[in-house]
file model_16.pdb (PDB, C-alpha atoms)
ATOM      1  CA  MET A   1      -2.204 -10.359 -13.246  1.00  0.00           C
ATOM      2  CA  ALA A   2      -2.201  -9.119  -9.666  1.00  0.00           C
ATOM      3  CA  GLU A   3      -3.411 -11.332  -6.887  1.00  0.00           C
ATOM      4  CA  PRO A   4      -5.756 -10.223  -4.083  1.00  0.00           C
ATOM      5  CA  THR A   5      -4.184  -9.190  -0.802  1.00  0.00           C
ATOM      6  CA  PRO A   6      -3.622 -12.374   1.241  1.00  0.00           C
ATOM      7  CA  ARG A   7      -4.877 -12.852   4.749  1.00  0.00           C
ATOM      8  CA  ARG A   8      -2.419 -12.966   7.623  1.00  0.00           C
ATOM      9  CA  ASN A   9      -1.401 -16.629   7.324  1.00  0.00           C
ATOM     10  CA  GLU A  10      -1.286 -16.805   3.527  1.00  0.00           C
ATOM     11  CA  PRO A  11       1.883 -16.100   1.554  1.00  0.00           C
ATOM     12  CA  ARG A  12       1.951 -12.697  -0.120  1.00  0.00           C
ATOM     13  CA  LEU A  13       1.912 -12.816  -3.924  1.00  0.00           C
ATOM     14  CA  ARG A  14       3.477 -10.097  -6.033  1.00  0.00           C
ATOM     15  CA  PRO A  15       1.190  -7.844  -8.093  1.00  0.00           C
ATOM     16  CA  ALA A  16       1.600  -7.548 -11.842  1.00  0.00           C
ATOM     17  CA  PRO A  17       4.535  -5.310 -12.691  1.00  0.00           C
ATOM     18  CA  LEU A  18       3.745  -1.676 -13.309  1.00  0.00           C
ATOM     19  CA  LEU A  19       5.747  -0.410 -16.245  1.00  0.00           C
ATOM     20  CA  PHE A  20       7.131   3.033 -15.590  1.00  0.00           C
ATOM     21  CA  GLU A  21       6.411   5.628 -18.195  1.00  0.00           C
ATOM     22  CA  PRO A  22       9.047   7.891 -19.751  1.00  0.00           C
ATOM     23  CA  ALA A  23       8.902  11.453 -18.456  1.00  0.00           C
ATOM     24  CA  GLU A  24       7.625  12.858 -21.762  1.00  0.00           C
ATOM     25  CA  ALA A  25       4.757  10.326 -21.855  1.00  0.00           C
ATOM     26  CA  ALA A  26       3.844  10.953 -18.212  1.00  0.00           C
ATOM     27  CA  SER A  27       3.563  14.684 -18.906  1.00  0.00           C
ATOM     28  CA  ASP A  28       0.831  14.025 -21.523  1.00  0.00           C
ATOM     29  CA  PRO A  29      -2.507  14.026 -19.598  1.00  0.00           C
ATOM     30  CA  GLU A  30      -4.079  11.694 -22.207  1.00  0.00           C
ATOM     31  CA  HIS A  31      -1.330   9.093 -21.770  1.00  0.00           C
ATOM     32  CA  PHE A  32      -1.794   6.391 -19.164  1.00  0.00           C
ATOM     33  CA  PHE A  33       0.425   3.310 -19.252  1.00  0.00           C
ATOM     34  CA  ASP A  34      -0.062   3.225 -23.032  1.00  0.00           C
ATOM     35  CA  LEU A  35      -3.702   2.121 -22.613  1.00  0.00           C
ATOM     36  CA  GLU A  36      -4.873   4.750 -25.083  1.00  0.00           C
ATOM     37  CA  SER A  37      -2.903   3.040 -27.858  1.00  0.00           C
ATOM     38  CA  ILE A  38      -4.605  -0.364 -27.414  1.00  0.00           C
ATOM     39  CA  ASP A  39      -7.255  -0.842 -30.089  1.00  0.00           C
ATOM     40  CA  ASP A  40      -8.508  -4.317 -29.219  1.00  0.00           C
ATOM     41  CA  PRO A  41     -11.128  -4.048 -26.449  1.00  0.00           C
ATOM     42  CA  ARG A  42     -10.263  -7.522 -25.070  1.00  0.00           C
ATOM     43  CA  THR A  43      -6.615  -6.568 -24.766  1.00  0.00           C
ATOM     44  CA  LEU A  44      -7.561  -3.181 -23.301  1.00  0.00           C
ATOM     45  CA  LEU A  45      -9.821  -4.802 -20.716  1.00  0.00           C
ATOM     46  CA  ALA A  46      -7.133  -7.335 -19.767  1.00  0.00           C
ATOM     47  CA  ARG A  47      -4.368  -4.718 -19.372  1.00  0.00           C
ATOM     48  CA  ALA A  48      -6.626  -2.215 -17.591  1.00  0.00           C
ATOM     49  CA  THR A  49      -7.727  -4.982 -15.212  1.00  0.00           C
ATOM     50  CA  GLU A  50      -4.094  -5.905 -14.535  1.00  0.00           C
ATOM     51  CA  LEU A  51      -3.298  -2.291 -13.735  1.00  0.00           C
ATOM     52  CA  THR A  52      -6.360  -1.933 -11.506  1.00  0.00           C
ATOM     53  CA  GLN A  53      -5.424  -5.006  -9.501  1.00  0.00           C
ATOM     54  CA  ALA A  54      -1.786  -3.966  -9.300  1.00  0.00           C
ATOM     55  CA  PHE A  55      -2.728  -0.511  -8.011  1.00  0.00           C
ATOM     56  CA  ARG A  56      -5.109  -2.022  -5.448  1.00  0.00           C
ATOM     57  CA  ALA A  57      -2.425  -4.439  -4.233  1.00  0.00           C
ATOM     58  CA  ALA A  58       0.094  -1.587  -4.052  1.00  0.00           C
ATOM     59  CA  ALA A  59      -2.361   0.621  -2.150  1.00  0.00           C
ATOM     60  CA  ASP A  60      -3.172  -2.177   0.318  1.00  0.00           C
ATOM     61  CA  ARG A  61       0.523  -2.798   0.917  1.00  0.00           C
ATOM     62  CA  ALA A  62       1.236   0.911   1.327  1.00  0.00           C
ATOM     63  CA  VAL A  63      -1.527   1.176   3.946  1.00  0.00           C
ATOM     64  CA  GLU A  64       0.096  -1.681   5.880  1.00  0.00           C
ATOM     65  CA  PHE A  65       3.416   0.167   5.834  1.00  0.00           C
ATOM     66  CA  GLN A  66       1.659   3.367   6.949  1.00  0.00           C
ATOM     67  CA  ALA A  67       0.137   1.476   9.863  1.00  0.00           C
ATOM     68  CA  MET A  68       3.452  -0.075  10.892  1.00  0.00           C
ATOM     69  CA  ALA A  69       5.182   3.315  10.709  1.00  0.00           C
ATOM     70  CA  ALA A  70       2.394   4.918  12.767  1.00  0.00           C
ATOM     71  CA  ALA A  71       2.729   2.181  15.396  1.00  0.00           C
ATOM     72  CA  GLN A  72       6.483   2.650  15.535  1.00  0.00           C
ATOM     73  CA  LEU A  73       6.148   6.424  15.844  1.00  0.00           C
ATOM     74  CA  ALA A  74       3.598   6.040  18.666  1.00  0.00           C
ATOM     75  CA  ASP A  75       5.658   3.433  20.542  1.00  0.00           C
ATOM     76  CA  PRO A  76       5.823   4.579  24.191  1.00  0.00           C
ATOM     77  CA  ARG A  77       9.387   3.238  24.422  1.00  0.00           C
ATOM     78  CA  ARG A  78      10.573   5.904  21.973  1.00  0.00           C
ATOM     79  CA  PHE A  79      11.885   9.080  23.531  1.00  0.00           C
ATOM     80  CA  ASP A  80      10.630  10.980  20.469  1.00  0.00           C
ATOM     81  CA  ARG A  81       7.270   9.215  20.183  1.00  0.00           C
ATOM     82  CA  LEU A  82       4.390  11.044  18.564  1.00  0.00           C
ATOM     83  CA  THR A  83       0.846  11.393  19.804  1.00  0.00           C
ATOM     84  CA  SER A  84      -2.081  10.232  17.690  1.00  0.00           C
ATOM     85  CA  ALA A  85      -2.803  13.886  16.958  1.00  0.00           C
ATOM     86  CA  ASP A  86       0.760  14.404  15.707  1.00  0.00           C
ATOM     87  CA  ILE A  87       0.580  11.313  13.500  1.00  0.00           C
ATOM     88  CA  ALA A  88      -2.835  12.384  12.189  1.00  0.00           C
ATOM     89  CA  GLU A  89      -1.512  15.805  11.268  1.00  0.00           C
ATOM     90  CA  GLN A  90       1.549  14.401   9.527  1.00  0.00           C
ATOM     91  CA  ALA A  91      -0.415  11.788   7.551  1.00  0.00           C
ATOM     92  CA  GLU A  92      -3.439  14.058   6.949  1.00  0.00           C
ATOM     93  CA  TRP A  93      -5.773  11.716   8.837  1.00  0.00           C
ATOM     94  CA  THR A  94      -8.308  12.305  11.562  1.00  0.00           C
ATOM     95  CA  GLU A  95      -7.092  11.562  15.055  1.00  0.00           C
ATOM     96  CA  ASP A  96      -9.536   8.645  15.385  1.00  0.00           C
ATOM     97  CA  TYR A  97      -8.211   7.114  12.157  1.00  0.00           C
ATOM     98  CA  ALA A  98      -4.638   7.581  13.385  1.00  0.00           C
ATOM     99  CA  LYS A  99      -5.478   5.678  16.576  1.00  0.00           C
ATOM    100  CA  LYS A 100      -6.943   2.827  14.524  1.00  0.00           C
ATOM    101  CA  MET A 101      -3.908   2.785  12.247  1.00  0.00           C
ATOM    102  CA  VAL A 102      -1.575   2.641  15.251  1.00  0.00           C
ATOM    103  CA  GLU A 103      -3.474  -0.388  16.581  1.00  0.00           C
ATOM    104  CA  PHE A 104      -3.507  -2.022  13.138  1.00  0.00           C
ATOM    105  CA  GLY A 105       0.208  -1.382  12.851  1.00  0.00           C
ATOM    106  CA  ARG A 106       0.843  -2.901  16.264  1.00  0.00           C
ATOM    107  CA  ASP A 107      -1.046  -6.020  15.193  1.00  0.00           C
ATOM    108  CA  LEU A 108       1.001  -6.210  11.998  1.00  0.00           C
ATOM    109  CA  LEU A 109       4.263  -5.705  13.867  1.00  0.00           C
ATOM    110  CA  ARG A 110       3.366  -8.433  16.368  1.00  0.00           C
ATOM    111  CA  GLY A 111       2.785 -10.760  13.434  1.00  0.00           C
ATOM    112  CA  VAL A 112       6.118  -9.804  11.896  1.00  0.00           C
ATOM    113  CA  GLU A 113       7.941 -10.387  15.179  1.00  0.00           C
ATOM    114  CA  ALA A 114       6.322 -13.814  15.542  1.00  0.00           C
ATOM    115  CA  ARG A 115       7.209 -14.888  11.986  1.00  0.00           C
ATOM    116  CA  GLY A 116      10.511 -13.080  11.601  1.00  0.00           C
ATOM    117  CA  PRO A 117      11.522  -9.829   9.907  1.00  0.00           C
ATOM    118  CA  ASP A 118      12.036 -11.282   6.401  1.00  0.00           C
ATOM    119  CA  ILE A 119       8.252 -11.578   5.796  1.00  0.00           C
ATOM    120  CA  VAL A 120       7.580  -7.820   5.425  1.00  0.00           C
TER     121      VAL A 120
END
call {"tool": "encode", "arguments": {"input": "model_16.pdb", "output": "structure tokens"}}
result
Amino acid sequence: MAEPTPRRNEPRLRPAPLLFEPAEAASDPEHFFDLESIDDPRTLLARATELTQAFRAAADRAVEFQAMAAAQLADPRRFDRLTSADIAEQAEWTEDYAKKMVEFGRDLLRGVEARGPDIV
């Protein structure tokens, strides 16, 4: 089962594995990670909960990577740096949200630099 996203000083735990679906199963709109074939409601609840937590953990982690990328793209030391408006347009965010993500990314990157690059 997936673990909640850790705070800054806690070790990051891996979410439950997401099993990839074959192309023919993924094309069926009623098919979703084989949940529709589970008859036992306890088993269905357990697997659906695992998937929910795994997707949340994946989404949280993806947001962190978005923030770090935004901070890197906005870095004033880059000759090709982007403005908050440019980042917002590319990521389909508002400019205010892009500014917040750049700051969040800078905080994350400072933490990575302090701990070492193998943490990310």
call {"tool": "closest_residue", "arguments": {"input": "model_16.pdb", "among": "A:Arg47, A:Ala54, A:Asp80, A:Ala70", "to": "Glu95 (chain A)", "atoms": "only C-alpha atoms"}}
result
A:Ala70
call {"tool": "atom_distance", "arguments": {"input": "model_16.pdb", "atom1": "CA of Leu45 (chain A)", "atom2": "CA of Ala59 (chain A)"}}
result
20.7 Å
call {"tool": "axis_aligned_box", "arguments": {"input": "model_16.pdb", "around": "region 94-109 of chain A", "padding_each_side": "3 Å", "output": "lines of an AutoDock Vina configuration file"}}
result
center_x = -2.6
center_y = 3.0
center_z = 14.1
size_x = 19.8
size_y = 24.5
size_z = 11.0
call {"tool": "residues_around", "arguments": {"input": "model_16.pdb", "residues": "region 100-104 of chain A", "least_positions_apart": "5", "cutoff": "10 Å", "atoms": "all atoms listed in the file", "output": "MDAnalysis selection string"}}
result
chainID A and resid 63:64 66:75 84 87:88 93 95 109:110
call {"tool": "atom_distance", "arguments": {"input": "model_16.pdb", "atom1": "CA of Thr94 (chain A)", "atom2": "CA of Gln53 (chain A)"}}
result
27.4 Å
call {"tool": "atom_distance", "arguments": {"input": "model_16.pdb", "atom1": "CA of Asp96 (chain A)", "atom2": "CA of Arg81 (chain A)"}}
result
17.5 Å
call {"tool": "decode", "arguments": {"input": "model_16.pdb", "residues": "region 67-81 of chain A", "atoms": "all heavy atoms", "output": "mmCIF file, in the first residue's frame"}}
result
data_model
loop_
_atom_site.group_PDB
_atom_site.id
_atom_site.type_symbol
_atom_site.label_atom_id
_atom_site.label_comp_id
_atom_site.auth_asym_id
_atom_site.auth_seq_id
_atom_site.Cartn_x
_atom_site.Cartn_y
_atom_site.Cartn_z
ATOM 1 N N ALA A 67 7.787 21.818 -9.794
ATOM 2 C CA ALA A 67 8.296 22.987 -9.075
ATOM 3 C C ALA A 67 9.802 23.134 -9.270
ATOM 4 O O ALA A 67 10.297 24.245 -9.500
ATOM 5 C CB ALA A 67 7.953 22.883 -7.588
ATOM 6 N N MET A 68 10.528 22.035 -9.176
ATOM 7 C CA MET A 68 11.984 22.116 -9.364
ATOM 8 C C MET A 68 12.321 22.535 -10.791
ATOM 9 O O MET A 68 13.218 23.364 -11.005
ATOM 10 C CB MET A 68 12.643 20.780 -9.013
ATOM 11 C CG MET A 68 12.628 20.506 -7.520
ATOM 12 S SD MET A 68 13.579 19.053 -7.017
ATOM 13 C CE MET A 68 12.580 17.732 -7.660
ATOM 14 N N ALA A 69 11.589 22.008 -11.765
ATOM 15 C CA ALA A 69 11.835 22.408 -13.161
ATOM 16 C C ALA A 69 11.509 23.887 -13.354
ATOM 17 O O ALA A 69 12.269 24.610 -14.024
ATOM 18 C CB ALA A 69 10.995 21.545 -14.104
ATOM 19 N N ALA A 70 10.413 24.353 -12.771
ATOM 20 C CA ALA A 70 10.045 25.770 -12.892
ATOM 21 C C ALA A 70 11.131 26.650 -12.284
ATOM 22 O O ALA A 70 11.516 27.680 -12.863
ATOM 23 C CB ALA A 70 8.700 26.025 -12.214
ATOM 24 N N ALA A 71 11.652 26.243 -11.125
ATOM 25 C CA ALA A 71 12.715 27.026 -10.482
ATOM 26 C C ALA A 71 13.967 27.046 -11.348
ATOM 27 O O ALA A 71 14.623 28.084 -11.473
ATOM 28 C CB ALA A 71 13.031 26.436 -9.107
ATOM 29 N N GLN A 72 14.296 25.923 -11.941
ATOM 30 C CA GLN A 72 15.477 25.876 -12.803
ATOM 31 C C GLN A 72 15.283 26.739 -14.050
ATOM 32 O O GLN A 72 16.198 27.444 -14.477
ATOM 33 C CB GLN A 72 15.788 24.434 -13.193
ATOM 34 C CG GLN A 72 16.284 23.606 -12.020
ATOM 35 C CD GLN A 72 16.348 22.131 -12.322
ATOM 36 O OE1 GLN A 72 15.665 21.636 -13.213
ATOM 37 N NE2 GLN A 72 17.170 21.418 -11.562
ATOM 38 N N LEU A 73 14.091 26.694 -14.622
ATOM 39 C CA LEU A 73 13.824 27.503 -15.815
ATOM 40 C C LEU A 73 13.820 29.001 -15.508
ATOM 41 O O LEU A 73 14.143 29.808 -16.373
ATOM 42 C CB LEU A 73 12.483 27.104 -16.435
ATOM 43 C CG LEU A 73 12.460 25.733 -17.107
ATOM 44 C CD1 LEU A 73 11.032 25.337 -17.453
ATOM 45 C CD2 LEU A 73 13.346 25.735 -18.356
ATOM 46 N N ALA A 74 13.455 29.372 -14.290
ATOM 47 C CA ALA A 74 13.408 30.788 -13.903
ATOM 48 C C ALA A 74 14.724 31.281 -13.305
ATOM 49 O O ALA A 74 14.827 32.468 -12.972
ATOM 50 C CB ALA A 74 12.284 30.995 -12.898
ATOM 51 N N ASP A 75 15.704 30.418 -13.187
ATOM 52 C CA ASP A 75 16.981 30.780 -12.565
ATOM 53 C C ASP A 75 17.614 31.958 -13.305
ATOM 54 O O ASP A 75 17.871 31.872 -14.511
ATOM 55 C CB ASP A 75 17.925 29.578 -12.592
ATOM 56 C CG ASP A 75 19.196 29.807 -11.803
ATOM 57 O OD1 ASP A 75 19.586 30.974 -11.573
ATOM 58 O OD2 ASP A 75 19.816 28.802 -11.415
ATOM 59 N N PRO A 76 17.863 33.069 -12.608
ATOM 60 C CA PRO A 76 18.430 34.251 -13.278
ATOM 61 C C PRO A 76 19.834 34.021 -13.828
ATOM 62 O O PRO A 76 20.306 34.789 -14.663
ATOM 63 C CB PRO A 76 18.438 35.324 -12.186
ATOM 64 C CG PRO A 76 18.171 34.645 -10.912
ATOM 65 C CD PRO A 76 17.586 33.308 -11.199
ATOM 66 N N ARG A 77 20.492 32.956 -13.420
ATOM 67 C CA ARG A 77 21.832 32.662 -13.951
ATOM 68 C C ARG A 77 21.779 32.018 -15.329
ATOM 69 O O ARG A 77 22.791 31.936 -16.013
ATOM 70 C CB ARG A 77 22.587 31.735 -12.988
ATOM 71 C CG ARG A 77 22.855 32.402 -11.630
ATOM 72 C CD ARG A 77 23.421 31.424 -10.663
ATOM 73 N NE ARG A 77 22.395 30.406 -10.375
ATOM 74 C CZ ARG A 77 22.501 29.452 -9.480
ATOM 75 N NH1 ARG A 77 23.600 29.338 -8.769
ATOM 76 N NH2 ARG A 77 21.528 28.606 -9.275
ATOM 77 N N ARG A 78 20.595 31.580 -15.736
ATOM 78 C CA ARG A 78 20.448 30.963 -17.066
ATOM 79 C C ARG A 78 20.321 32.045 -18.130
ATOM 80 O O ARG A 78 19.556 32.980 -17.976
ATOM 81 C CB ARG A 78 19.193 30.086 -17.122
ATOM 82 C CG ARG A 78 19.266 28.815 -16.313
ATOM 83 C CD ARG A 78 17.949 28.070 -16.422
ATOM 84 N NE ARG A 78 17.648 27.676 -17.780
ATOM 85 C CZ ARG A 78 17.691 26.422 -18.214
ATOM 86 N NH1 ARG A 78 18.017 25.451 -17.404
ATOM 87 N NH2 ARG A 78 17.403 26.133 -19.478
ATOM 88 N N PHE A 79 21.041 31.870 -19.211
ATOM 89 C CA PHE A 79 20.920 32.852 -20.298
ATOM 90 C C PHE A 79 19.565 32.714 -20.992
ATOM 91 O O PHE A 79 19.057 33.682 -21.566
ATOM 92 C CB PHE A 79 22.063 32.693 -21.319
ATOM 93 C CG PHE A 79 21.909 31.509 -22.215
ATOM 94 C CD1 PHE A 79 21.291 31.634 -23.454
ATOM 95 C CD2 PHE A 79 22.382 30.262 -21.843
ATOM 96 C CE1 PHE A 79 21.139 30.550 -24.286
ATOM 97 C CE2 PHE A 79 22.239 29.168 -22.667
ATOM 98 C CZ PHE A 79 21.612 29.305 -23.895
ATOM 99 N N ASP A 80 18.952 31.538 -20.907
ATOM 100 C CA ASP A 80 17.673 31.297 -21.562
ATOM 101 C C ASP A 80 16.521 31.182 -20.545
ATOM 102 O O ASP A 80 15.522 30.529 -20.797
ATOM 103 C CB ASP A 80 17.736 30.028 -22.406
ATOM 104 C CG ASP A 80 18.049 28.787 -21.585
ATOM 105 O OD1 ASP A 80 18.508 28.912 -20.424
ATOM 106 O OD2 ASP A 80 17.838 27.663 -22.100
ATOM 107 N N ARG A 81 16.692 31.861 -19.411
ATOM 108 C CA ARG A 81 15.673 31.746 -18.355
ATOM 109 C C ARG A 81 14.312 32.215 -18.859
ATOM 110 O O ARG A 81 14.214 33.035 -19.780
ATOM 111 C CB ARG A 81 16.087 32.534 -17.128
ATOM 112 C CG ARG A 81 16.006 34.032 -17.286
ATOM 113 C CD ARG A 81 16.441 34.744 -16.017
ATOM 114 N NE ARG A 81 16.604 36.147 -16.247
ATOM 115 C CZ ARG A 81 17.727 36.725 -16.668
ATOM 116 N NH1 ARG A 81 18.794 35.995 -16.891
ATOM 117 N NH2 ARG A 81 17.780 38.015 -16.866
#
